[in-house]
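**Student:** For reference, the file data-v2.txt (compact mmCIF, N, CA and C atoms) is included below:
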```
# COMPACT_ATOMS: atom_id res chain seq x y z
N GLN D 1 68.57 4.84 11.25
CA GLN D 1 69.73 5.67 10.98
C GLN D 1 70.66 5.62 12.18
N VAL D 2 71.93 5.35 11.92
CA VAL D 2 72.93 5.30 12.99
C VAL D 2 73.26 6.71 13.42
N GLN D 3 73.25 6.92 14.73
CA GLN D 3 73.60 8.23 15.27
C GLN D 3 74.52 8.06 16.46
N LEU D 4 75.62 8.76 16.43
CA LEU D 4 76.60 8.76 17.51
C LEU D 4 76.94 10.21 17.82
N VAL D 5 76.75 10.60 19.07
CA VAL D 5 77.01 11.97 19.48
C VAL D 5 77.95 11.96 20.68
N GLU D 6 79.18 12.38 20.44
CA GLU D 6 80.18 12.44 21.49
C GLU D 6 80.22 13.84 22.11
N SER D 7 80.52 13.90 23.42
CA SER D 7 80.62 15.18 24.10
C SER D 7 81.56 15.04 25.30
N GLY D 8 81.92 16.18 25.87
CA GLY D 8 82.71 16.19 27.09
C GLY D 8 84.18 16.51 26.92
N GLY D 9 84.63 16.69 25.69
CA GLY D 9 86.02 17.04 25.48
C GLY D 9 86.33 18.45 25.95
N GLY D 10 87.60 18.79 25.89
CA GLY D 10 88.02 20.13 26.29
C GLY D 10 89.53 20.22 26.37
N SER D 11 89.99 21.31 26.95
CA SER D 11 91.42 21.55 27.12
C SER D 11 91.76 21.49 28.59
N VAL D 12 92.75 20.68 28.93
CA VAL D 12 93.17 20.54 30.32
C VAL D 12 94.70 20.50 30.37
N GLN D 13 95.21 20.72 31.56
CA GLN D 13 96.65 20.57 31.76
C GLN D 13 96.96 19.12 32.09
N ALA D 14 98.20 18.76 31.86
CA ALA D 14 98.65 17.40 32.19
C ALA D 14 98.32 17.09 33.64
N GLY D 15 97.81 15.89 33.86
CA GLY D 15 97.39 15.48 35.19
C GLY D 15 95.91 15.70 35.45
N GLY D 16 95.26 16.41 34.56
CA GLY D 16 93.84 16.70 34.73
C GLY D 16 92.95 15.54 34.31
N SER D 17 91.66 15.76 34.42
CA SER D 17 90.67 14.73 34.12
C SER D 17 89.56 15.28 33.23
N LEU D 18 89.00 14.39 32.45
CA LEU D 18 87.81 14.68 31.65
C LEU D 18 86.92 13.44 31.61
N ARG D 19 85.63 13.66 31.43
CA ARG D 19 84.70 12.55 31.26
C ARG D 19 83.96 12.73 29.95
N LEU D 20 84.15 11.80 29.06
CA LEU D 20 83.49 11.83 27.77
C LEU D 20 82.20 11.02 27.82
N SER D 21 81.22 11.46 27.05
CA SER D 21 79.96 10.75 26.92
C SER D 21 79.65 10.52 25.46
N CYS D 22 78.95 9.43 25.19
CA CYS D 22 78.55 9.13 23.82
C CYS D 22 77.14 8.58 23.84
N ALA D 23 76.23 9.30 23.21
CA ALA D 23 74.85 8.84 23.04
C ALA D 23 74.74 8.16 21.69
N ALA D 24 74.32 6.91 21.71
CA ALA D 24 74.27 6.12 20.48
C ALA D 24 72.85 5.68 20.17
N SER D 25 72.55 5.57 18.91
CA SER D 25 71.24 5.05 18.53
C SER D 25 71.16 3.57 18.89
N GLY D 26 69.96 3.11 19.12
CA GLY D 26 69.77 1.75 19.59
C GLY D 26 70.30 0.69 18.65
N SER D 27 70.26 0.98 17.35
CA SER D 27 70.66 -0.02 16.37
C SER D 27 72.14 -0.36 16.46
N ILE D 28 72.95 0.58 16.95
CA ILE D 28 74.38 0.30 17.05
C ILE D 28 74.77 -0.08 18.47
N PHE D 29 73.99 0.36 19.44
CA PHE D 29 74.35 0.15 20.84
C PHE D 29 73.96 -1.22 21.34
N THR D 30 72.82 -1.72 20.91
CA THR D 30 72.27 -2.97 21.43
C THR D 30 72.40 -4.09 20.41
N PRO D 31 72.94 -5.23 20.78
CA PRO D 31 73.61 -5.57 22.04
C PRO D 31 75.13 -5.60 21.88
N ASN D 32 75.66 -4.62 21.16
CA ASN D 32 77.06 -4.65 20.76
C ASN D 32 78.03 -4.25 21.85
N SER D 33 79.25 -4.76 21.70
CA SER D 33 80.37 -4.18 22.45
C SER D 33 80.64 -2.80 21.87
N MET D 34 80.93 -1.86 22.72
CA MET D 34 81.18 -0.49 22.29
C MET D 34 82.62 -0.11 22.61
N GLY D 35 83.12 0.85 21.87
CA GLY D 35 84.51 1.26 22.09
C GLY D 35 84.70 2.75 21.96
N TRP D 36 85.75 3.24 22.57
CA TRP D 36 86.21 4.60 22.38
C TRP D 36 87.49 4.55 21.54
N TYR D 37 87.51 5.37 20.53
CA TYR D 37 88.65 5.47 19.63
C TYR D 37 89.21 6.89 19.71
N ARG D 38 90.44 7.06 19.27
CA ARG D 38 90.99 8.41 19.17
C ARG D 38 91.87 8.51 17.94
N GLN D 39 91.94 9.72 17.42
CA GLN D 39 92.79 9.99 16.27
C GLN D 39 93.54 11.27 16.49
N ALA D 40 94.85 11.15 16.59
CA ALA D 40 95.72 12.31 16.74
C ALA D 40 96.14 12.80 15.36
N PRO D 41 96.52 14.05 15.24
CA PRO D 41 96.94 14.59 13.93
C PRO D 41 98.04 13.74 13.31
N GLY D 42 97.85 13.37 12.04
CA GLY D 42 98.86 12.60 11.32
C GLY D 42 98.93 11.13 11.69
N ARG D 43 97.99 10.68 12.51
CA ARG D 43 98.02 9.28 12.93
C ARG D 43 96.70 8.59 12.60
N GLN D 44 96.73 7.28 12.56
CA GLN D 44 95.52 6.52 12.31
C GLN D 44 94.65 6.48 13.55
N ARG D 45 93.37 6.31 13.35
CA ARG D 45 92.45 6.16 14.47
C ARG D 45 92.75 4.84 15.17
N GLU D 46 92.77 4.88 16.50
CA GLU D 46 93.06 3.68 17.27
C GLU D 46 91.99 3.46 18.34
N LEU D 47 91.74 2.20 18.64
CA LEU D 47 90.83 1.83 19.72
C LEU D 47 91.59 1.95 21.03
N VAL D 48 91.03 2.66 22.00
CA VAL D 48 91.71 2.80 23.29
C VAL D 48 91.00 2.08 24.42
N ALA D 49 89.70 1.85 24.29
CA ALA D 49 88.97 1.16 25.34
C ALA D 49 87.71 0.55 24.73
N ALA D 50 87.28 -0.57 25.31
CA ALA D 50 86.07 -1.22 24.83
C ALA D 50 85.35 -1.87 25.99
N ILE D 51 84.05 -2.08 25.80
CA ILE D 51 83.25 -2.69 26.85
C ILE D 51 82.17 -3.54 26.21
N THR D 52 81.99 -4.75 26.74
CA THR D 52 80.96 -5.63 26.22
C THR D 52 79.60 -5.21 26.78
N TRP D 53 78.56 -5.83 26.24
CA TRP D 53 77.22 -5.55 26.74
C TRP D 53 77.12 -5.82 28.24
N SER D 54 77.82 -6.86 28.72
CA SER D 54 77.74 -7.25 30.13
C SER D 54 78.74 -6.50 31.02
N GLY D 55 79.59 -5.68 30.41
CA GLY D 55 80.47 -4.84 31.21
C GLY D 55 81.93 -5.29 31.30
N ILE D 56 82.33 -6.26 30.52
CA ILE D 56 83.73 -6.65 30.50
C ILE D 56 84.50 -5.62 29.69
N THR D 57 85.62 -5.16 30.25
CA THR D 57 86.36 -4.06 29.63
C THR D 57 87.72 -4.49 29.08
N TRP D 58 88.21 -3.67 28.16
CA TRP D 58 89.54 -3.86 27.57
C TRP D 58 90.15 -2.48 27.37
N TYR D 59 91.46 -2.35 27.58
CA TYR D 59 92.16 -1.09 27.38
C TYR D 59 93.47 -1.31 26.64
N VAL D 60 93.83 -0.35 25.83
CA VAL D 60 95.17 -0.36 25.23
C VAL D 60 96.16 -0.05 26.35
N ASP D 61 97.36 -0.57 26.23
CA ASP D 61 98.32 -0.45 27.33
C ASP D 61 98.59 1.00 27.74
N SER D 62 98.58 1.90 26.80
CA SER D 62 98.95 3.28 27.08
C SER D 62 97.96 4.01 27.99
N VAL D 63 96.75 3.47 28.16
CA VAL D 63 95.75 4.15 29.00
C VAL D 63 95.36 3.32 30.22
N LYS D 64 95.88 2.12 30.34
CA LYS D 64 95.53 1.27 31.48
C LYS D 64 95.87 1.96 32.79
N GLY D 65 94.92 1.89 33.72
CA GLY D 65 95.12 2.52 35.02
C GLY D 65 94.75 3.99 35.05
N ARG D 66 94.51 4.59 33.89
CA ARG D 66 94.16 6.01 33.83
C ARG D 66 92.75 6.24 33.28
N PHE D 67 92.32 5.42 32.33
CA PHE D 67 91.00 5.57 31.71
C PHE D 67 90.07 4.47 32.20
N THR D 68 88.79 4.82 32.32
CA THR D 68 87.77 3.84 32.69
C THR D 68 86.58 3.99 31.75
N ILE D 69 86.23 2.90 31.08
CA ILE D 69 85.06 2.91 30.21
C ILE D 69 83.89 2.28 30.95
N SER D 70 82.70 2.84 30.73
CA SER D 70 81.49 2.30 31.34
C SER D 70 80.32 2.55 30.38
N ARG D 71 79.21 1.92 30.67
CA ARG D 71 78.04 2.11 29.81
C ARG D 71 76.77 2.04 30.64
N ASP D 72 75.75 2.73 30.16
CA ASP D 72 74.42 2.69 30.73
C ASP D 72 73.49 2.16 29.64
N ASN D 73 73.17 0.90 29.71
CA ASN D 73 72.39 0.28 28.64
C ASN D 73 70.97 0.84 28.55
N ALA D 74 70.45 1.31 29.64
CA ALA D 74 69.10 1.89 29.62
C ALA D 74 69.07 3.22 28.88
N LYS D 75 70.22 3.89 28.83
CA LYS D 75 70.30 5.22 28.20
C LYS D 75 71.04 5.18 26.86
N ASN D 76 71.44 3.98 26.41
CA ASN D 76 72.21 3.87 25.17
C ASN D 76 73.41 4.81 25.18
N THR D 77 74.11 4.86 26.30
CA THR D 77 75.21 5.80 26.47
C THR D 77 76.45 5.07 26.98
N VAL D 78 77.59 5.46 26.43
CA VAL D 78 78.86 4.92 26.90
C VAL D 78 79.73 6.10 27.35
N TYR D 79 80.53 5.86 28.36
CA TYR D 79 81.33 6.92 28.97
C TYR D 79 82.81 6.54 28.96
N LEU D 80 83.65 7.57 29.03
CA LEU D 80 85.08 7.34 29.19
C LEU D 80 85.60 8.35 30.22
N GLN D 81 85.93 7.86 31.40
CA GLN D 81 86.54 8.70 32.42
C GLN D 81 88.04 8.67 32.20
N MET D 82 88.63 9.83 32.02
CA MET D 82 90.05 9.93 31.74
C MET D 82 90.73 10.72 32.85
N ASN D 83 91.61 10.07 33.56
CA ASN D 83 92.35 10.69 34.66
C ASN D 83 93.83 10.75 34.33
N ASN D 84 94.55 11.61 35.04
CA ASN D 84 95.99 11.74 34.85
C ASN D 84 96.34 11.87 33.36
N LEU D 85 95.66 12.79 32.72
CA LEU D 85 95.85 12.96 31.28
C LEU D 85 97.26 13.43 30.96
N LYS D 86 97.74 12.98 29.81
CA LYS D 86 99.09 13.31 29.34
C LYS D 86 98.99 14.02 27.98
N PRO D 87 99.98 14.81 27.61
CA PRO D 87 99.94 15.48 26.31
C PRO D 87 99.74 14.50 25.15
N GLU D 88 100.25 13.30 25.27
CA GLU D 88 100.08 12.32 24.19
C GLU D 88 98.66 11.78 24.07
N ASP D 89 97.79 12.14 25.01
CA ASP D 89 96.37 11.78 24.91
C ASP D 89 95.60 12.76 24.01
N THR D 90 96.26 13.83 23.60
CA THR D 90 95.61 14.82 22.73
C THR D 90 95.17 14.18 21.42
N ALA D 91 93.88 14.29 21.13
CA ALA D 91 93.31 13.67 19.94
C ALA D 91 91.83 14.01 19.86
N VAL D 92 91.23 13.66 18.75
CA VAL D 92 89.77 13.66 18.65
C VAL D 92 89.30 12.27 19.06
N TYR D 93 88.35 12.24 19.98
CA TYR D 93 87.85 10.97 20.51
C TYR D 93 86.47 10.68 19.91
N TYR D 94 86.31 9.41 19.50
CA TYR D 94 85.07 8.94 18.90
C TYR D 94 84.60 7.69 19.62
N CYS D 95 83.31 7.45 19.58
CA CYS D 95 82.80 6.16 20.04
C CYS D 95 82.14 5.45 18.86
N ASN D 96 82.09 4.14 18.97
CA ASN D 96 81.44 3.33 17.95
C ASN D 96 81.40 1.89 18.47
N LYS D 97 80.82 0.99 17.71
CA LYS D 97 80.89 -0.40 18.09
C LYS D 97 82.35 -0.82 18.08
N ARG D 98 82.68 -1.89 18.78
CA ARG D 98 84.08 -2.23 19.00
C ARG D 98 84.84 -2.50 17.71
N PHE D 99 84.26 -3.17 16.77
CA PHE D 99 84.98 -3.53 15.55
C PHE D 99 84.53 -2.67 14.37
N ALA D 100 84.32 -1.42 14.62
CA ALA D 100 83.92 -0.51 13.55
C ALA D 100 85.05 -0.31 12.56
N SER D 101 84.68 -0.12 11.31
CA SER D 101 85.67 0.15 10.27
C SER D 101 85.46 1.55 9.72
N ALA D 102 86.36 1.97 8.87
CA ALA D 102 86.28 3.31 8.30
C ALA D 102 85.00 3.49 7.49
N SER D 103 84.45 2.42 6.98
CA SER D 103 83.25 2.52 6.15
C SER D 103 81.97 2.60 6.97
N ASP D 104 82.07 2.37 8.28
CA ASP D 104 80.90 2.52 9.15
C ASP D 104 80.61 4.01 9.38
N SER D 105 79.41 4.29 9.85
CA SER D 105 79.07 5.67 10.19
C SER D 105 79.76 6.07 11.48
N TRP D 106 80.28 7.30 11.52
CA TRP D 106 80.97 7.84 12.69
C TRP D 106 80.37 9.18 13.05
N GLY D 107 80.46 9.51 14.33
CA GLY D 107 80.05 10.83 14.77
C GLY D 107 81.12 11.86 14.49
N GLN D 108 80.92 13.05 14.97
CA GLN D 108 81.89 14.14 14.74
C GLN D 108 83.05 14.10 15.71
N GLY D 109 82.90 13.34 16.78
CA GLY D 109 83.98 13.24 17.76
C GLY D 109 84.02 14.44 18.70
N THR D 110 84.86 14.33 19.69
CA THR D 110 85.05 15.43 20.65
C THR D 110 86.55 15.62 20.87
N GLN D 111 86.99 16.86 20.81
CA GLN D 111 88.43 17.16 20.88
C GLN D 111 88.90 17.18 22.33
N VAL D 112 89.99 16.49 22.57
CA VAL D 112 90.66 16.51 23.86
C VAL D 112 92.07 17.06 23.63
N THR D 113 92.39 18.12 24.35
CA THR D 113 93.71 18.74 24.23
C THR D 113 94.34 18.81 25.62
N VAL D 114 95.52 18.22 25.75
CA VAL D 114 96.23 18.19 27.03
C VAL D 114 97.54 18.94 26.87
N SER D 115 97.71 19.97 27.67
CA SER D 115 98.92 20.78 27.60
C SER D 115 99.87 20.40 28.74
N SER D 116 101.14 20.56 28.46
CA SER D 116 102.15 20.19 29.46
C SER D 116 102.46 21.35 30.37
```
Represent the supplied structure as structure tokens.
**Tutor:**
Amino acid sequence: QVQLVESGGGSVQAGGSLRLSCAASGSIFTPNSMGWYRQAPGRQRELVAAITWSGITWYVDSVKGRFTISRDNAKNTVYLQMNNLKPEDTAVYYCNKRFASASDSWGQGTQVTVSS
């Protein structure tokens, strides 16, 4: 059974930081590339960061230089360090394999709210 549990969200002011964590079941974590996605109200879910099994990373332009994705393969956990947060980063954040589709299993996500 696929299990994804996101945590670490919260409410911060612009310029603040948060660190998200995602505990994933082994069947989805190994040996896949993993990603962090976000969905803002009225918008489609988008991939914002991804990391391969070996640690190669990718970021969407809007978060480059501010977000850092990492993973601990021994713990089946992926992280997203978010610095210099902006109001436009407000969304529900999810983790999943990099090329997950809407028909894949998803966790409940974690809410990030950034106030100006």
**Student:** Counting only C-alpha atoms, which of D:Gln13, D:Gln39, D:Thr68, D:Ser105 gets nearest to Gln81 (chain D)?
**Tutor:**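 Going through D:Gln13, D:Gln39, D:Thr68, D:Ser105 one by one, the smallest distance to Gln81 (chain D) is for D:Thr68.
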**Student:** Considering all atoms listed in the file, state which residue in the set D:Leu4, D:Ala24, D:Ala100, D:Ala14 is at the smallest distance from Asn83 (chain D).
**Tutor:** D:Ala14
**Student:** Extract, using only C-alpha atoms, all DNA, RNA and protein residues at most 7 Å from Val2 (chain D), discarding same-chain residues fewer than 4 positions from it, and format them as a list in words.
**Tutor:** Ser25, Ser27, Ile28 and Ser105 of chain D
**Student:** Measuring atom to atom with only C-alpha atoms, identify which of D:Ala49, D:Val60, D:Ala23, D:Leu18 is nearest to Gly109 (chain D).
**Tutor:**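 Closest residue, counting only C-alpha atoms: D:Ala23.
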**Student:** Quick one: residues within 6.5 Å of Gly16 (chain D), all atoms listed in the file, excluding same-chain residues fewer than 5 positions away - as JSON, numbers by chain?
**Tutor:** {"D": [82, 83, 84, 85, 86]}
**Student:** Provide region 27-46 of chain D of the preceding structure as a file containing N, CA, C and O atoms, as a PDB file, in the first residue's frame.
**Tutor:**
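Heads up, here's the output in out-v4.pdb:
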```
ATOM      1  N   SER D  27       7.694   1.270  -1.434  1.00  0.00           N
ATOM      2  CA  SER D  27       7.323   0.920  -2.801  1.00  0.00           C
ATOM      3  C   SER D  27       7.336   2.129  -3.732  1.00  0.00           C
ATOM      4  O   SER D  27       7.499   1.994  -4.931  1.00  0.00           O
ATOM      5  N   ILE D  28       7.131   3.323  -3.177  1.00  0.00           N
ATOM      6  CA  ILE D  28       7.125   4.509  -4.024  1.00  0.00           C
ATOM      7  C   ILE D  28       8.447   5.248  -3.950  1.00  0.00           C
ATOM      8  O   ILE D  28       8.812   5.977  -4.858  1.00  0.00           O
ATOM      9  N   PHE D  29       9.165   5.080  -2.859  1.00  0.00           N
ATOM     10  CA  PHE D  29      10.392   5.847  -2.637  1.00  0.00           C
ATOM     11  C   PHE D  29      11.586   5.234  -3.342  1.00  0.00           C
ATOM     12  O   PHE D  29      12.427   5.957  -3.870  1.00  0.00           O
ATOM     13  N   THR D  30      11.668   3.919  -3.369  1.00  0.00           N
ATOM     14  CA  THR D  30      12.840   3.222  -3.884  1.00  0.00           C
ATOM     15  C   THR D  30      12.541   2.588  -5.231  1.00  0.00           C
ATOM     16  O   THR D  30      11.586   1.829  -5.342  1.00  0.00           O
ATOM     17  N   PRO D  31      13.355   2.816  -6.248  1.00  0.00           N
ATOM     18  CA  PRO D  31      14.479   3.750  -6.327  1.00  0.00           C
ATOM     19  C   PRO D  31      14.116   4.996  -7.134  1.00  0.00           C
ATOM     20  O   PRO D  31      14.890   5.478  -7.934  1.00  0.00           O
ATOM     21  N   ASN D  32      12.909   5.511  -6.890  1.00  0.00           N
ATOM     22  CA  ASN D  32      12.368   6.574  -7.735  1.00  0.00           C
ATOM     23  C   ASN D  32      12.918   7.953  -7.445  1.00  0.00           C
ATOM     24  O   ASN D  32      13.331   8.262  -6.321  1.00  0.00           O
ATOM     25  N   SER D  33      12.856   8.785  -8.478  1.00  0.00           N
ATOM     26  CA  SER D  33      13.007  10.223  -8.256  1.00  0.00           C
ATOM     27  C   SER D  33      11.757  10.700  -7.523  1.00  0.00           C
ATOM     28  O   SER D  33      10.650  10.247  -7.821  1.00  0.00           O
ATOM     29  N   MET D  34      11.939  11.573  -6.583  1.00  0.00           N
ATOM     30  CA  MET D  34      10.828  12.094  -5.789  1.00  0.00           C
ATOM     31  C   MET D  34      10.669  13.584  -6.044  1.00  0.00           C
ATOM     32  O   MET D  34      11.612  14.277  -6.423  1.00  0.00           O
ATOM     33  N   GLY D  35       9.471  14.065  -5.813  1.00  0.00           N
ATOM     34  CA  GLY D  35       9.216  15.482  -6.049  1.00  0.00           C
ATOM     35  C   GLY D  35       8.304  16.092  -5.015  1.00  0.00           C
ATOM     36  O   GLY D  35       7.554  15.378  -4.338  1.00  0.00           O
ATOM     37  N   TRP D  36       8.394  17.394  -4.891  1.00  0.00           N
ATOM     38  CA  TRP D  36       7.451  18.175  -4.105  1.00  0.00           C
ATOM     39  C   TRP D  36       6.570  18.951  -5.075  1.00  0.00           C
ATOM     40  O   TRP D  36       7.082  19.598  -6.001  1.00  0.00           O
ATOM     41  N   TYR D  37       5.290  18.872  -4.842  1.00  0.00           N
ATOM     42  CA  TYR D  37       4.297  19.556  -5.653  1.00  0.00           C
ATOM     43  C   TYR D  37       3.540  20.543  -4.761  1.00  0.00           C
ATOM     44  O   TYR D  37       3.523  20.402  -3.545  1.00  0.00           O
ATOM     45  N   ARG D  38       2.885  21.501  -5.385  1.00  0.00           N
ATOM     46  CA  ARG D  38       2.016  22.384  -4.615  1.00  0.00           C
ATOM     47  C   ARG D  38       0.784  22.724  -5.435  1.00  0.00           C
ATOM     48  O   ARG D  38       0.820  22.731  -6.669  1.00  0.00           O
ATOM     49  N   GLN D  39      -0.290  22.994  -4.720  1.00  0.00           N
ATOM     50  CA  GLN D  39      -1.538  23.387  -5.362  1.00  0.00           C
ATOM     51  C   GLN D  39      -2.135  24.553  -4.612  1.00  0.00           C
ATOM     52  O   GLN D  39      -2.497  24.430  -3.440  1.00  0.00           O
ATOM     53  N   ALA D  40      -2.199  25.683  -5.288  1.00  0.00           N
ATOM     54  CA  ALA D  40      -2.815  26.884  -4.725  1.00  0.00           C
ATOM     55  C   ALA D  40      -4.301  26.890  -5.083  1.00  0.00           C
ATOM     56  O   ALA D  40      -4.700  26.256  -6.069  1.00  0.00           O
ATOM     57  N   PRO D  41      -5.111  27.595  -4.320  1.00  0.00           N
ATOM     58  CA  PRO D  41      -6.552  27.646  -4.607  1.00  0.00           C
ATOM     59  C   PRO D  41      -6.822  28.089  -6.042  1.00  0.00           C
ATOM     60  O   PRO D  41      -6.264  29.085  -6.504  1.00  0.00           O
ATOM     61  N   GLY D  42      -7.660  27.333  -6.748  1.00  0.00           N
ATOM     62  CA  GLY D  42      -8.033  27.684  -8.108  1.00  0.00           C
ATOM     63  C   GLY D  42      -6.976  27.395  -9.159  1.00  0.00           C
ATOM     64  O   GLY D  42      -7.162  27.760 -10.328  1.00  0.00           O
ATOM     65  N   ARG D  43      -5.895  26.735  -8.751  1.00  0.00           N
ATOM     66  CA  ARG D  43      -4.824  26.453  -9.706  1.00  0.00           C
ATOM     67  C   ARG D  43      -4.534  24.957  -9.756  1.00  0.00           C
ATOM     68  O   ARG D  43      -4.868  24.208  -8.837  1.00  0.00           O
ATOM     69  N   GLN D  44      -3.894  24.535 -10.820  1.00  0.00           N
ATOM     70  CA  GLN D  44      -3.517  23.137 -10.944  1.00  0.00           C
ATOM     71  C   GLN D  44      -2.304  22.835 -10.081  1.00  0.00           C
ATOM     72  O   GLN D  44      -1.491  23.718  -9.784  1.00  0.00           O
ATOM     73  N   ARG D  45      -2.183  21.590  -9.690  1.00  0.00           N
ATOM     74  CA  ARG D  45      -1.011  21.156  -8.935  1.00  0.00           C
ATOM     75  C   ARG D  45       0.212  21.245  -9.838  1.00  0.00           C
ATOM     76  O   ARG D  45       0.152  20.840 -11.005  1.00  0.00           O
ATOM     77  N   GLU D  46       1.307  21.769  -9.293  1.00  0.00           N
ATOM     78  CA  GLU D  46       2.526  21.913 -10.071  1.00  0.00           C
ATOM     79  C   GLU D  46       3.709  21.309  -9.317  1.00  0.00           C
ATOM     80  O   GLU D  46       3.768  21.350  -8.090  1.00  0.00           O
TER      81      GLU D  46
END
```
